[in-house]
file my_file32.txt (compact mmCIF, C-alpha atoms)
# COMPACT_ATOMS: atom_id res chain seq x y z
CA MET A 17 -7.49 -14.93 -111.76
CA LYS A 18 -6.69 -18.46 -110.70
CA LYS A 19 -3.03 -19.33 -110.80
CA SER A 20 -2.17 -22.41 -112.99
CA VAL A 21 -0.33 -25.24 -111.30
CA TRP A 22 1.65 -27.75 -113.49
CA THR A 23 2.83 -31.04 -112.26
CA ASP A 24 6.22 -32.48 -113.26
CA LYS A 25 4.61 -35.12 -115.39
CA GLU A 26 2.50 -32.62 -117.29
CA LEU A 27 5.59 -30.50 -117.97
CA GLU A 28 7.50 -33.49 -119.23
CA GLU A 29 4.67 -34.40 -121.66
CA LEU A 30 4.53 -30.84 -122.97
CA LEU A 31 8.30 -30.82 -123.61
CA LEU A 32 8.06 -34.08 -125.54
CA GLN A 33 5.48 -32.51 -127.84
CA LEU A 34 7.89 -29.72 -128.87
CA PRO A 35 9.52 -30.04 -132.30
CA LYS A 36 13.06 -31.32 -132.48
CA ILE A 37 15.88 -28.74 -132.79
CA SER A 38 19.07 -29.60 -134.61
CA ASP A 39 22.37 -27.63 -134.57
CA ASN A 40 24.47 -28.09 -137.69
CA ARG A 41 27.48 -26.06 -136.34
CA ASP A 42 30.85 -27.64 -135.95
CA PRO A 43 31.57 -28.48 -132.29
CA ARG A 44 34.92 -26.60 -132.53
CA ASP A 45 33.06 -23.43 -133.54
CA ILE A 46 30.75 -23.80 -130.58
CA TYR A 47 33.73 -24.25 -128.21
CA GLN A 48 35.55 -21.26 -129.73
CA ASN A 49 32.49 -19.01 -129.27
CA ILE A 50 32.11 -20.14 -125.66
CA ALA A 51 35.85 -19.51 -124.99
CA LEU A 52 35.72 -15.98 -126.52
CA LYS A 53 32.71 -15.05 -124.39
CA THR A 54 34.41 -16.33 -121.25
CA LYS A 55 37.64 -14.35 -122.04
CA LYS A 56 35.68 -11.17 -122.75
CA ARG A 57 33.79 -11.49 -119.48
CA LYS A 58 37.10 -11.83 -117.59
CA ARG A 59 38.57 -8.75 -119.32
CA GLN A 60 35.56 -6.65 -118.39
CA ILE A 61 35.89 -7.74 -114.80
CA TRP A 62 39.61 -6.60 -114.87
CA ILE A 63 38.85 -3.28 -116.57
CA MET A 64 36.32 -2.16 -113.92
CA PRO A 65 38.85 -1.93 -111.06
CA SER A 66 41.25 -0.14 -113.39
CA LEU A 67 38.62 2.40 -114.30
CA ALA A 68 37.76 2.85 -110.63
CA ALA A 69 41.42 3.46 -109.76
CA ALA A 70 41.80 5.91 -112.64
CA ALA A 71 38.71 7.77 -111.49
CA ALA A 72 40.13 7.95 -107.97
CA VAL A 73 43.40 9.43 -109.30
CA VAL A 74 41.52 12.06 -111.32
CA LEU A 75 39.35 12.88 -108.32
CA PHE A 76 42.47 13.28 -106.10
CA ILE A 77 44.07 15.62 -108.66
CA ILE A 78 40.93 17.74 -108.73
CA LEU A 79 40.70 17.90 -104.96
CA SER A 80 44.43 18.12 -104.18
CA PRO A 81 44.72 21.97 -104.35
CA ASN A 82 42.01 22.27 -101.73
CA LEU A 83 43.65 19.61 -99.60
CA ILE A 84 47.03 21.33 -99.84
CA ASN A 85 45.66 24.79 -99.15
CA TRP A 86 43.79 23.41 -96.16
CA GLN A 87 47.21 23.11 -94.47
CA GLU A 88 48.51 26.47 -95.65
CA PRO A 89 48.15 29.84 -93.88
CA PRO A 90 44.82 31.68 -94.08
CA GLU A 91 46.30 34.27 -96.40
CA GLN A 92 46.81 31.65 -99.18
CA LYS A 93 43.34 30.14 -98.78
CA ILE A 94 41.79 33.48 -99.67
CA SER A 95 42.92 33.28 -103.29
CA LEU A 96 41.38 29.83 -104.00
CA ASN A 97 37.80 30.82 -104.27
CA SER A 98 36.73 34.31 -105.20
CA ALA A 99 33.17 33.57 -104.22
CA THR A 100 34.19 33.06 -100.57
CA SER A 101 37.08 35.55 -100.42
CA LYS A 102 35.27 38.01 -98.15
CA GLU A 103 34.38 35.25 -95.76
CA ASN A 104 37.95 33.96 -95.67
CA MET A 105 39.41 37.43 -95.19
CA GLU A 106 37.17 37.95 -92.18
CA MET A 107 38.37 34.64 -90.74
CA VAL A 108 42.00 35.68 -91.25
CA ARG A 109 41.46 39.00 -89.52
CA ASN A 110 39.87 37.26 -86.56
CA ASP A 111 42.73 34.76 -86.35
CA ASN A 112 45.38 37.49 -86.52
CA THR A 113 43.59 39.58 -83.89
CA ALA A 114 43.43 36.60 -81.57
CA ALA A 115 47.13 35.90 -82.12
CA ILE A 116 48.08 39.50 -81.33
CA GLU A 117 45.95 39.47 -78.19
CA ASP A 118 47.62 36.23 -77.08
CA ASN A 119 51.06 37.74 -77.62
CA ASN A 120 50.12 40.84 -75.64
CA LYS A 121 48.87 38.67 -72.81
CA ASP A 122 52.15 36.72 -72.81
CA VAL A 123 54.20 39.93 -72.63
CA SER A 124 52.11 41.37 -69.80
CA ILE A 125 52.45 38.13 -67.85
CA GLN A 126 56.22 38.19 -68.30
CA GLU A 127 56.43 41.82 -67.15
CA GLU A 128 54.45 41.08 -64.00
CA ASN A 129 56.63 38.14 -63.01
CA PRO A 130 59.94 38.97 -61.31
CA VAL A 131 63.25 37.92 -62.82
CA ASN A 132 64.55 35.10 -60.66
CA PHE A 133 68.31 34.71 -60.50
CA GLU A 134 68.08 31.00 -59.70
CA ASP A 135 66.56 29.91 -63.01
CA GLY A 136 67.75 32.71 -65.26
CA SER A 137 69.02 30.25 -67.87
CA ASN A 138 65.51 28.92 -68.47
CA ASN A 139 64.00 32.37 -68.91
CA GLN A 140 66.89 33.92 -70.82
CA SER A 141 65.15 34.20 -74.19
CA SER A 142 61.96 35.75 -72.79
CA GLU A 143 63.89 38.15 -70.55
CA LYS A 144 66.06 39.22 -73.45
CA THR A 145 62.96 39.98 -75.51
CA LEU A 146 61.57 42.19 -72.77
CA ALA A 147 64.97 43.81 -72.26
CA ASP A 148 65.15 45.04 -75.81
CA ASP A 149 62.92 47.99 -74.85
CA VAL A 150 64.87 49.22 -71.83
CA GLU A 151 66.81 52.48 -72.06
CA ARG A 152 69.89 53.91 -70.39
CA THR A 153 69.97 57.40 -68.94
CA ALA A 154 73.70 58.18 -68.80
CA VAL A 155 76.26 59.22 -71.42
CA TYR A 156 78.75 56.57 -72.53
CA LYS A 157 81.95 56.76 -74.54
CA GLU A 158 80.23 55.54 -77.71
CA ASP A 159 77.78 58.47 -77.51
CA LEU A 160 80.55 61.02 -78.00
CA GLN A 161 81.19 60.42 -81.71
CA GLY A 162 81.20 63.89 -83.28
CA LYS A 163 79.53 65.35 -80.18
CA GLU A 164 80.54 67.86 -77.55
CA LEU A 165 79.54 66.91 -74.00
CA LEU A 166 78.21 69.80 -71.89
CA THR A 167 77.28 69.22 -68.25
CA TYR A 168 75.11 71.58 -66.22
CA ALA A 169 74.38 71.03 -62.53
CA ILE A 170 70.80 72.27 -62.03
CA PRO A 171 68.84 72.60 -58.77
CA ASP A 172 65.68 70.53 -58.57
CA ALA A 173 62.22 72.10 -58.37
CA ASN A 174 62.47 72.44 -54.57
CA GLY A 175 66.07 73.66 -54.50
CA GLN A 176 67.16 70.67 -52.38
CA ASN A 177 69.23 68.59 -54.77
CA ILE A 178 71.70 69.32 -57.53
CA VAL A 179 70.94 67.34 -60.69
CA PRO A 180 73.83 66.91 -63.14
CA VAL A 181 72.33 67.16 -66.63
CA SER A 182 74.37 66.12 -69.68
CA VAL A 183 73.67 67.64 -73.08
CA LEU A 184 75.28 66.45 -76.32
CA VAL A 185 75.62 69.01 -79.10
CA GLN A 186 77.20 68.72 -82.52
CA LYS A 187 80.84 69.77 -82.53
CA GLU A 188 81.57 72.90 -84.54
CA ASP A 189 85.07 73.51 -85.90
CA ASN A 190 84.88 77.27 -85.50
CA LYS A 191 83.68 77.08 -81.86
CA SER A 192 85.48 75.93 -78.73
CA TRP A 193 83.99 73.83 -75.97
CA PHE A 194 83.56 76.96 -73.86
CA ASP A 195 81.79 78.84 -76.67
CA GLN A 196 79.24 76.06 -76.98
CA PHE A 197 78.90 75.83 -73.20
CA LYS A 198 77.91 79.51 -72.93
CA GLU A 199 75.56 79.39 -75.94
CA THR A 200 73.75 76.25 -74.82
CA MET A 201 72.96 77.65 -71.35
CA ALA A 202 70.12 79.66 -72.86
CA ASP A 203 68.64 76.59 -74.59
CA LEU A 204 68.23 74.41 -71.51
CA LYS A 205 64.66 73.28 -70.73
CA GLU A 206 64.80 73.14 -66.93
CA GLU A 207 61.09 73.67 -66.32
CA GLU A 208 60.13 71.12 -68.98
CA TRP A 209 62.45 68.62 -67.31
CA GLY A 210 60.91 69.26 -63.89
CA LEU A 211 63.84 71.31 -62.54
CA SER A 212 64.36 74.91 -61.42
CA GLU A 213 64.92 77.64 -63.98
CA TYR A 214 68.56 78.46 -63.27
CA TYR A 215 70.46 79.07 -66.51
CA PRO A 216 71.80 81.13 -68.14
CA LEU A 217 73.81 82.52 -65.23
CA HIS A 218 73.43 86.25 -64.66
CA ALA A 219 77.15 86.79 -65.02
CA ASP A 220 79.93 87.14 -67.57
CA LEU A 221 82.05 84.02 -68.02
CA ALA A 222 85.67 83.96 -69.23
CA TYR A 223 87.79 80.85 -69.70
CA ASP A 224 91.58 80.41 -69.74
CA SER A 225 92.15 77.10 -71.50
CA LEU A 226 95.90 77.04 -70.70
CA LYS A 227 95.46 77.49 -66.96
CA LYS A 228 92.08 75.68 -66.94
CA VAL A 229 90.57 78.53 -64.98
CA LEU A 230 87.01 79.79 -65.34
CA ASN A 231 86.29 83.34 -64.12
CA ILE A 232 82.75 84.46 -63.24
CA ASP A 233 82.07 88.18 -63.06
CA VAL A 234 78.75 89.10 -61.39
CA PRO A 235 76.94 92.44 -61.00
CA ARG A 236 76.85 94.05 -57.57
CA ASP A 237 73.13 93.39 -57.20
CA HIS A 238 73.42 89.65 -57.94
CA GLN A 239 71.07 87.31 -56.07
CA TYR A 240 73.40 84.35 -55.57
CA GLY A 241 74.30 85.34 -52.01
CA PHE A 242 70.80 86.03 -50.67
CA GLY A 243 70.20 83.31 -48.11
CA SER A 244 72.23 80.23 -47.27
CA ALA A 245 70.20 78.06 -49.66
CA ASN A 246 71.03 80.29 -52.65
CA GLU A 247 74.68 80.37 -51.65
CA ILE A 248 74.90 76.58 -51.39
CA MET A 249 73.05 76.07 -54.68
CA PHE A 250 75.31 78.55 -56.47
CA LYS A 251 78.56 76.93 -55.37
CA SER A 252 77.24 73.37 -55.79
CA SER A 253 75.95 74.10 -59.31
CA LEU A 254 79.32 75.48 -60.41
CA LEU A 255 81.35 72.67 -58.90
CA GLY A 256 78.92 70.04 -60.20
CA SER A 257 79.09 71.40 -63.73
CA PHE A 258 82.87 70.93 -63.96
CA ALA A 259 83.51 67.98 -61.66
CA ASP A 260 83.69 65.55 -64.59
CA GLY A 261 86.46 65.92 -67.10
CA ASP A 262 89.63 67.96 -66.93
CA LYS A 263 88.63 71.23 -68.56
CA VAL A 264 88.29 73.32 -65.36
CA ASP A 265 90.53 73.02 -62.31
CA LYS A 266 89.62 76.28 -60.60
CA ILE A 267 86.79 78.85 -60.60
CA THR A 268 87.60 82.49 -59.75
CA PHE A 269 85.14 85.30 -58.97
CA THR A 270 84.97 89.00 -59.63
CA THR A 271 82.25 91.57 -58.98
CA GLU A 272 82.11 94.07 -61.82
CA ASN A 273 85.77 93.27 -62.53
CA GLU A 274 86.83 93.62 -58.88
CA LYS A 275 88.26 90.54 -57.21
CA GLY A 276 85.90 88.45 -55.08
CA ILE A 277 82.18 87.85 -54.62
CA VAL A 278 80.03 88.32 -51.53
CA LEU A 279 77.96 85.23 -50.67
CA GLY A 280 75.96 85.69 -47.49
CA ASN A 281 78.29 87.07 -44.84
CA ASP A 282 81.42 85.80 -46.59
CA GLU A 283 83.48 87.01 -49.50
CA ILE A 284 85.23 84.36 -51.59
CA THR A 285 87.67 84.72 -54.44
CA GLU A 286 87.87 81.18 -55.83
CA LEU A 287 86.65 77.56 -55.69
CA VAL A 288 88.88 74.58 -56.39
CA VAL A 289 87.25 71.83 -58.45
CA GLU A 290 88.13 68.75 -56.40
CA LYS A 291 88.90 65.59 -58.37
CA SER A 292 90.10 63.46 -55.48
CA ASN A 293 88.51 60.05 -54.88
CA SER A 294 89.36 59.90 -51.17
CA SER A 295 85.67 60.44 -50.43
CA ALA A 296 82.80 60.48 -52.87
CA HIS A 297 79.04 60.52 -53.34
CA GLY A 298 76.81 57.59 -54.05
CA TYR A 299 73.76 58.02 -56.32
CA LEU A 300 70.04 57.94 -55.61
CA PHE A 301 66.83 58.31 -57.63
CA LEU A 302 64.97 61.62 -57.86
CA TYR A 303 61.59 61.28 -59.57
CA PRO A 304 60.40 64.60 -61.03
CA ALA A 305 56.74 65.57 -61.04
CA LYS A 306 56.77 65.17 -64.84
CA GLY A 307 57.68 61.79 -66.27
CA LYS A 308 58.39 58.36 -64.82
CA LYS A 309 62.13 58.23 -65.55
CA PRO A 310 64.21 59.21 -62.52
CA PHE A 311 67.18 61.51 -62.39
CA ILE A 312 70.22 59.74 -60.93
CA VAL A 313 71.61 62.29 -58.49
CA PRO A 314 74.46 62.37 -55.94
CA THR A 315 73.71 61.51 -52.33
CA PRO A 316 73.58 64.45 -49.91
CA ASP A 317 76.65 63.08 -48.10
CA GLU A 318 80.03 61.77 -49.17
CA TYR A 319 81.46 58.41 -48.06
CA LYS A 320 84.97 57.15 -47.45
CA THR A 321 84.42 53.71 -49.01
CA ILE A 322 82.24 52.41 -51.81
CA HIS A 323 80.77 49.86 -49.38
CA GLU A 324 79.37 52.72 -47.27
CA ALA A 325 78.03 54.37 -50.41
CA PHE A 326 76.22 51.17 -51.48
CA VAL A 327 74.62 50.91 -48.02
CA ALA A 328 73.36 54.50 -48.31
CA MET A 329 72.00 53.79 -51.80
CA ARG A 330 69.56 51.28 -50.30
CA LYS A 331 67.96 53.95 -48.10
CA GLU A 332 65.37 56.62 -48.71
CA PHE A 333 66.26 60.24 -47.95
CA ALA A 334 62.77 61.54 -47.28
CA THR A 335 64.00 65.06 -46.45
CA HIS A 336 65.39 65.37 -49.97
CA GLN A 337 62.68 63.28 -51.69
CA LEU A 338 65.33 60.79 -52.81
CA LYS A 339 64.49 57.12 -53.39
CA PRO A 340 66.77 54.07 -53.03
CA SER A 341 68.69 53.21 -56.19
CA ILE A 342 69.52 49.64 -55.14
CA SER A 343 66.39 47.64 -54.33
CA GLU A 344 66.16 45.01 -51.60
CA GLY A 345 65.71 42.38 -54.29
CA LEU A 346 69.20 43.07 -55.66
CA GLN A 347 71.53 41.62 -53.03
CA PHE A 348 75.34 41.61 -53.06
CA GLU A 349 77.17 38.58 -51.74
CA LYS A 350 80.45 40.49 -51.79
CA VAL A 351 82.12 43.48 -53.44
CA VAL A 352 85.78 43.09 -54.41
CA PRO A 353 87.88 46.05 -55.61
CA ASN A 354 90.70 44.94 -57.92
CA ASN A 355 94.05 46.65 -58.35
CA ASN A 356 93.47 47.09 -62.09
CA GLY A 357 90.57 49.50 -61.56
CA ILE A 358 87.82 46.87 -61.87
CA LEU A 359 85.13 46.51 -59.21
CA SER A 360 83.71 42.97 -59.00
CA ILE A 361 80.20 42.65 -57.57
CA PHE A 362 79.00 39.13 -56.73
CA LEU A 363 75.21 38.77 -56.66
CA THR A 364 73.42 36.26 -54.45
CA LYS A 365 71.37 33.48 -56.03
CA SER A 366 68.26 34.63 -54.17
CA SER A 367 68.39 38.08 -55.75
CA ASN A 368 65.44 39.09 -57.94
CA VAL A 369 63.98 42.20 -59.51
CA ASN A 370 60.43 42.98 -60.55
CA ASP A 371 61.26 45.53 -63.23
CA LEU A 372 64.01 45.19 -65.84
CA GLN A 373 63.99 48.92 -66.58
CA GLU A 374 64.40 49.67 -62.88
CA MET A 375 67.32 47.22 -62.84
CA VAL A 376 69.03 49.18 -65.64
CA TYR A 377 68.65 52.38 -63.62
CA SER A 378 70.16 50.60 -60.59
CA ILE A 379 73.11 49.37 -62.65
CA GLU A 380 73.72 52.91 -63.87
CA ALA A 381 73.65 54.25 -60.29
CA ILE A 382 76.19 51.58 -59.33
CA LEU A 383 78.40 52.42 -62.31
CA LEU A 384 78.30 56.16 -61.59
CA THR A 385 79.19 55.50 -57.95
CA ALA A 386 82.09 53.28 -59.03
CA LYS A 387 83.27 56.10 -61.29
CA ASN A 388 83.20 58.52 -58.35
CA PHE A 389 85.48 56.19 -56.40
CA GLY A 390 87.99 55.94 -59.23
CA PHE A 391 86.97 52.64 -60.86
CA LYS A 392 86.90 52.38 -64.63
CA ALA A 393 84.66 49.32 -64.94
CA VAL A 394 82.39 46.96 -62.99
CA LYS A 395 82.18 43.18 -63.44
CA VAL A 396 78.87 41.65 -62.34
CA GLU A 397 79.31 38.04 -61.24
CA ASN A 398 76.42 35.52 -61.12
CA PRO A 399 74.15 37.70 -63.33
CA PRO A 400 70.53 36.66 -63.90
CA VAL A 401 70.83 36.81 -67.69
CA LYS A 402 73.60 37.28 -70.22
CA ASN A 403 72.53 40.80 -71.07
CA ILE A 404 69.81 43.37 -70.47
CA GLY A 405 69.48 45.96 -73.19
CA GLN A 406 72.99 47.20 -73.96
CA PHE A 407 74.52 45.77 -70.77
CA ASP A 408 76.40 42.54 -71.55
CA PHE A 409 77.10 40.87 -68.19
CA SER A 410 79.57 38.44 -69.70
CA LYS A 411 81.92 41.44 -70.05
CA GLU A 412 83.15 44.25 -67.84
CA LEU A 413 80.72 47.19 -67.80
CA GLN A 414 82.50 50.44 -68.53
CA VAL A 415 81.53 53.34 -66.26
CA PRO A 416 79.56 56.19 -67.89
CA VAL A 417 81.13 59.46 -68.92
CA ALA A 418 78.35 61.54 -67.33
CA ALA A 419 74.86 61.20 -65.83
CA ASN A 420 71.34 62.12 -67.00
CA LYS A 421 71.53 62.58 -70.76
CA LEU A 422 68.86 64.99 -72.00
CA SER A 423 68.10 66.53 -75.38
CA ILE A 424 67.51 70.18 -76.20
CA GLU A 425 66.52 69.61 -79.84
call {"tool": "encode", "arguments": {"input": "my_file32.txt", "output": "C-alpha cells"}}
result
Amino acid sequence: MKKSVWTDKELEELLLQLPKISDNRDPRDIYQNIALKTKKRKRQIWIMPSLAAAAAVVLFIILSPNLINWQEPPEQKISLNSATSKENMEMVRNDNTAAIEDNNKDVSIQEENPVNFEDGSNNQSSEKTLADDVERTAVYKEDLQGKELLTYAIPDANGQNIVPVSVLVQKEDNKSWFDQFKETMADLKEEEWGLSEYYPLHADLAYDSLKKVLNIDVPRDHQYGFGSANEIMFKSSLLGSFADGDKVDKITFTTENEKGIVLGNDEITELVVEKSNSSAHGYLFLYPAKGKKPFIVPTPDEYKTIHEAFVAMRKEFATHQLKPSISEGLQFEKVVPNNNGILSIFLTKSSNVNDLQEMVYSIEAILLTAKNFGFKAVKVENPPVKNIGQFDFSKELQVPVAANKLSIE
C-alpha cells in the first residue's frame, strides 16, 4: 500500500476546514484544574521513592535473620531451616573435625619442639598447657593427709639395684604403723611393677616403738645368706626400708629366737640405720621392662658433696642399667648451699629440654638428692617457665618425703 504524503500547505487547508470549537469554561476553572493536575503529578513522584524505601526496609527485615545467622556459629544456623538441617549438621561436623585435627597438630608440634630457656616468656602459655599433663613420682607432704606412708626397698628384676617403693594406705585407728607395715608386705605387686618378688620377708618381725628397734627372727634354713648378692640385697633392703623417717634406729637379728644371723661367712647381730648426711647417694633413672615411667633410685656409690653427686647423676651406669637423671640440656651455672637449709641452683640461659615430663623426673631426682644431703628445699633460679605441673619455680620447692609412689589398690 502506498504511503500518503501531505505537504504543510495541504495540512493547513484541512485544519481550516474543521469546525470551530468554543470553550465556555471560566479561565479560573481551567487554571485550577491545571494546577491540581500538576500538584498530583508531583505528589506521585514523591510517593514512589517513599514506597521504594519502605519496600527496602521490609525486605531487610525479612532477610535480617539470615544475615545475622550467617555470622553466628554453625550450631545456630542448623535451626533456621529444617529443610537443610541435615546438610548443615554435616557441615558442622566437618568443621569441628577439622578444628580438632588442627589442635592436635598444634600440640604435637609443641611437644616436638624443645623448651628454650632464652625465650621462655614468649612460650609460657603454650608450655603451661602442655605441662598440665605431667605427673610426679614421689610422695610429698600434701599426700599424707589421712594416710600412712610405708616404704619398702625392693631389689630390681636383675638383683642389681635397690628400689625404694612408697605405698600410701589409709590410716586405721586400731592399727599401728608397724601393724600396717607387716600386713601390706603381702599386698605388694613387685612383679607387676617390674621388680623382684621379695616380700613378705620369710621371718617374724617385732617392733619396740619406745626404743625404735626392729627385731627380725629368721628360721635356720633361711636363704638370705646364700651368696654375697643375697646378703647384700638383704641388708640393703632392710636399711633402705627404714632410712627415711625416725621410726627405726636399729635392726636386731635372731635365728629361731637365738641372738644373731649367719650371712655368708659372717654372723651379725644388728644393723644401725644411719641418718647422717656426711655422705649420701645421688639418684638415677631405672627404666623397668614394663612401662615408660622410670624408678628414681639411689646411685651405687655415695658422695661427700652434692656437687659430686650432681656430676654422677649426668652419667650412665651401664653395669647397673642406670640412666642419667640430669640431661645435658639442663645445665647449672652454679649451685649455692644456703645456711637456712635451702639449695639454690642457677640455670644457664642456654639450657633446654626436649621433654617436659622428663624435666619433672629430673627435678624430682635433684630434690631427692638434696634431701639426702640434709636440705629441706631447692630454689631454681632463671627457670624457663613460671611453673611446670605442680612445680612453681617462683617459690622454693620442698623436698619430697619419699621416692617412687605406687598404688596397691
call {"tool": "closest_residue", "arguments": {"input": "my_file32.txt", "among": "A:Ile284, A:Ala245, A:Leu30, A:Ala173", "to": "Ile232 (chain A)", "atoms": "all atoms listed in the file"}}
result
A:Ile284
call {"tool": "closest_residue", "arguments": {"input": "my_file32.txt", "among": "A:Ala334, A:Asn420, A:Leu384, A:Ala305", "to": "Ala169 (chain A)", "atoms": "all atoms listed in the file"}}
result
A:Asn420
call {"tool": "atom_distance", "arguments": {"input": "my_file32.txt", "atom1": "CA of Leu217 (chain A)", "atom2": "CA of Leu287 (chain A)"}}
result
16.7 Å
call {"tool": "atom_distance", "arguments": {"input": "my_file32.txt", "atom1": "CA of Asp317 (chain A)", "atom2": "CA of Glu208 (chain A)"}}
result
27.8 Å
call {"tool": "closest_residue", "arguments": {"input": "my_file32.txt", "among": "A:Lys309, A:Gly390, A:Gly175, A:Pro304", "to": "Asn246 (chain A)", "atoms": "all atoms listed in the file"}}
result
A:Gly175
call {"tool": "closest_residue", "arguments": {"input": "my_file32.txt", "among": "A:Lys251, A:Ile424, A:Ile322, A:Lys291", "to": "Ala202 (chain A)", "atoms": "only C-alpha atoms"}}
result
A:Ile424
call {"tool": "closest_residue", "arguments": {"input": "my_file32.txt", "among": "A:Pro340, A:His323, A:Val229, A:Ile248", "to": "Val288 (chain A)", "atoms": "all atoms listed in the file"}}
result
A:Val229
call {"tool": "residues_around", "arguments": {"input": "my_file32.txt", "residues": "Phe311 (chain A)", "least_positions_apart": "5", "cutoff": "9 Å", "atoms": "only C-alpha atoms", "output": "list in words"}}
result
Thr153, Val179, Pro180, Val181, Leu300, Phe301, Leu302, Tyr303, Pro304, Ala419 and Asn420 of chain A
call {"tool": "closest_atom_pairs", "arguments": {"input": "my_file32.txt", "of": "region 199-221 of chain A", "to": "region 267-270 of chain A", "cutoff": "10 Å", "atoms": "all atoms listed in the file", "output": "tab-separated table"}}
result
residue	atom	partner	partner_atom	distance
A:Ala219	CA	A:Thr270	CA	9.8
A:Asp220	CA	A:Thr270	CA	9.6
A:Leu221	CA	A:Phe269	CA	9.6
call {"tool": "residues_around", "arguments": {"input": "my_file32.txt", "residues": "Pro316 (chain A)", "least_positions_apart": "2", "cutoff": "10 Å", "atoms": "only C-alpha atoms", "output": "list of chain:residue names"}}
result
A:Gln176, A:Asn177, A:Ile178, A:His297, A:Gly298, A:Tyr299, A:Leu300, A:Val313, A:Pro314, A:Glu318, A:Phe333, A:His336, A:Leu338
call {"tool": "residues_around", "arguments": {"input": "my_file32.txt", "residues": "Val352 (chain A)", "least_positions_apart": "3", "cutoff": "7 Å", "atoms": "only C-alpha atoms", "output": "ChimeraX atom specification"}}
result
/A:359-361
call {"tool": "decode", "arguments": {"input": "my_file32.txt", "residues": "region 401-415 of chain A", "atoms": "N, CA and C atoms", "output": "JSON list (two decimals), in the first residue's frame"}}
result
[["chain", "number", "residue", "atom", "x", "y", "z"],
["A", 401, "VAL", "N", 60.13, -21.43, 82.71],
["A", 401, "VAL", "CA", 58.74, -21.00, 82.83],
["A", 401, "VAL", "C", 58.43, -20.82, 84.30],
["A", 402, "LYS", "N", 57.28, -20.23, 84.57],
["A", 402, "LYS", "CA", 56.90, -19.98, 85.96],
["A", 402, "LYS", "C", 56.62, -21.28, 86.70],
["A", 403, "ASN", "N", 55.96, -22.21, 86.03],
["A", 403, "ASN", "CA", 55.69, -23.48, 86.67],
["A", 403, "ASN", "C", 55.49, -24.58, 85.62],
["A", 404, "ILE", "N", 55.79, -25.80, 86.05],
["A", 404, "ILE", "CA", 55.55, -26.99, 85.24],
["A", 404, "ILE", "C", 54.78, -27.97, 86.11],
["A", 405, "GLY", "N", 53.55, -28.25, 85.72],
["A", 405, "GLY", "CA", 52.72, -29.11, 86.56],
["A", 405, "GLY", "C", 52.54, -28.47, 87.93],
["A", 406, "GLN", "N", 52.89, -29.20, 88.97],
["A", 406, "GLN", "CA", 52.73, -28.71, 90.34],
["A", 406, "GLN", "C", 53.99, -28.03, 90.87],
["A", 407, "PHE", "N", 55.01, -27.90, 90.06],
["A", 407, "PHE", "CA", 56.24, -27.22, 90.48],
["A", 407, "PHE", "C", 56.14, -25.74, 90.11],
["A", 408, "ASP", "N", 56.09, -24.88, 91.11],
["A", 408, "ASP", "CA", 56.04, -23.43, 90.92],
["A", 408, "ASP", "C", 57.45, -22.89, 91.16],
["A", 409, "PHE", "N", 58.14, -22.50, 90.08],
["A", 409, "PHE", "CA", 59.53, -22.08, 90.19],
["A", 409, "PHE", "C", 59.70, -20.69, 90.79],
["A", 410, "SER", "N", 58.62, -19.98, 90.97],
["A", 410, "SER", "CA", 58.73, -18.69, 91.65],
["A", 410, "SER", "C", 58.89, -18.86, 93.16],
["A", 411, "LYS", "N", 58.71, -20.10, 93.63],
["A", 411, "LYS", "CA", 58.81, -20.40, 95.06],
["A", 411, "LYS", "C", 59.88, -21.47, 95.29],
["A", 412, "GLU", "N", 60.22, -21.65, 96.55],
["A", 412, "GLU", "CA", 61.12, -22.74, 96.91],
["A", 412, "GLU", "C", 60.40, -24.08, 96.77],
["A", 413, "LEU", "N", 61.07, -25.06, 96.20],
["A", 413, "LEU", "CA", 60.49, -26.39, 96.01],
["A", 413, "LEU", "C", 60.84, -27.26, 97.21],
["A", 414, "GLN", "N", 59.83, -27.67, 97.93],
["A", 414, "GLN", "CA", 60.06, -28.52, 99.10],
["A", 414, "GLN", "C", 60.50, -29.91, 98.66],
["A", 415, "VAL", "N", 61.45, -30.49, 99.39],
["A", 415, "VAL", "CA", 61.93, -31.83, 99.03],
["A", 415, "VAL", "C", 60.83, -32.86, 99.31]]
